[in-house]
Amino acid sequence: MNGGASCKLGRPAWKNLTLRIALAVSTLYAGMGWAMAETASDVAGIVQRIEASPLRAEIGAILEIDSSSPPESADLGYTIQPPGTSYLAGDGAGGEFRVLSDGRILLIDSEGSYGILAPNFQAFVGMATGLPGWRDALRFVGEPDLGQARRNWADFARQWRLEQALDEPWPYEGQRFATATPGKGRVAIREAFGAPAIADPFAALHRAVNETSGDISVSWNGEPLLLFGRAP
């Protein structure tokens, strides 16, 4: 055993796993042209862009980001490992988005689930604007077979006419939208953030939750939360 090996033995297990996950994330998305650009230090800049955007209503409805919500995880007894995540925004329903030190976007919802959504904020925007009702899609990512998970999601989307709703007027009253329909809002958000139009956003979400969340754990008052799509 050499000195280098003995040094590695002293590293906490979650740190070794974090390094492997980070390499997997970088490799997974390199072919899609996504750089691991955003880091925790960019959180303030992301929030400023959201709050200054004329698309704030669209961002709230499509990305489900509420930048006016204060962080709640510390007060609610959540523990996130590894430490060092930065609060990004609330989701308007008691959950919150956080940014890991390597830029990955973590969502903790109010129903006891969590998971990595994307390798960075741009990739998150690309995924969330590519899936009609991406929060509903999280219910189906627990199926390990991507093909079956996609079919289950497609059946749900068809039943609830999610694709058709994109071309209909906004269903929310009392909000000032800058675009006429959710479909046009999705395009406008992608353009505003310079985000990619993803060919297979469901696969991107499925892989993010199942392949890049392995080094993350979230607990509430000592009770571990489950990854999205997992049954208690």
# chains A, B, ... in the order shown; residues from 1 in each chain; ligands from 1

call {"tool": "residues_around", "arguments": {"residues": "Leu55 in chain A", "least_positions_apart": "3", "cutoff": "8 Å", "atoms": "only C-alpha atoms", "output": "ChimeraX atom specification"}}
result
/A:50,58-59,177-178,185,188-189

call {"tool": "residues_around", "arguments": {"residues": "range 89-99 of chain A", "least_positions_apart": "4", "cutoff": "10 Å", "atoms": "only C-alpha atoms", "output": "PyMOL selection string"}}
result
chain A and resi 38-43+46-47+60-61+63-73+84-85+103-114+116-117+119-121

call {"tool": "closest_residue", "arguments": {"among": "A:Pro54, A:Pro196, A:Gly115, A:Gly130", "to": "Arg230 in chain A", "atoms": "only C-alpha atoms"}}
result
A:Gly115

call {"tool": "select_by_dssp", "arguments": {"residues": "range 93-207 of chain A", "states": "helix (DSSP H, G or I)", "output": "PyMOL selection string"}}
result
chain A and resi 121-128+134-140+146-159+162-165+182-193+201-207

call {"tool": "atom_distance", "arguments": {"atom1": "CA of Val218 in chain A", "atom2": "CA of Asp136 in chain A"}}
result
20.9 Å

call {"tool": "closest_residue", "arguments": {"among": "A:Val187, A:Ala52, A:Leu225, A:Ala165", "to": "Pro132 in chain A", "atoms": "only C-alpha atoms"}}
result
A:Ala165
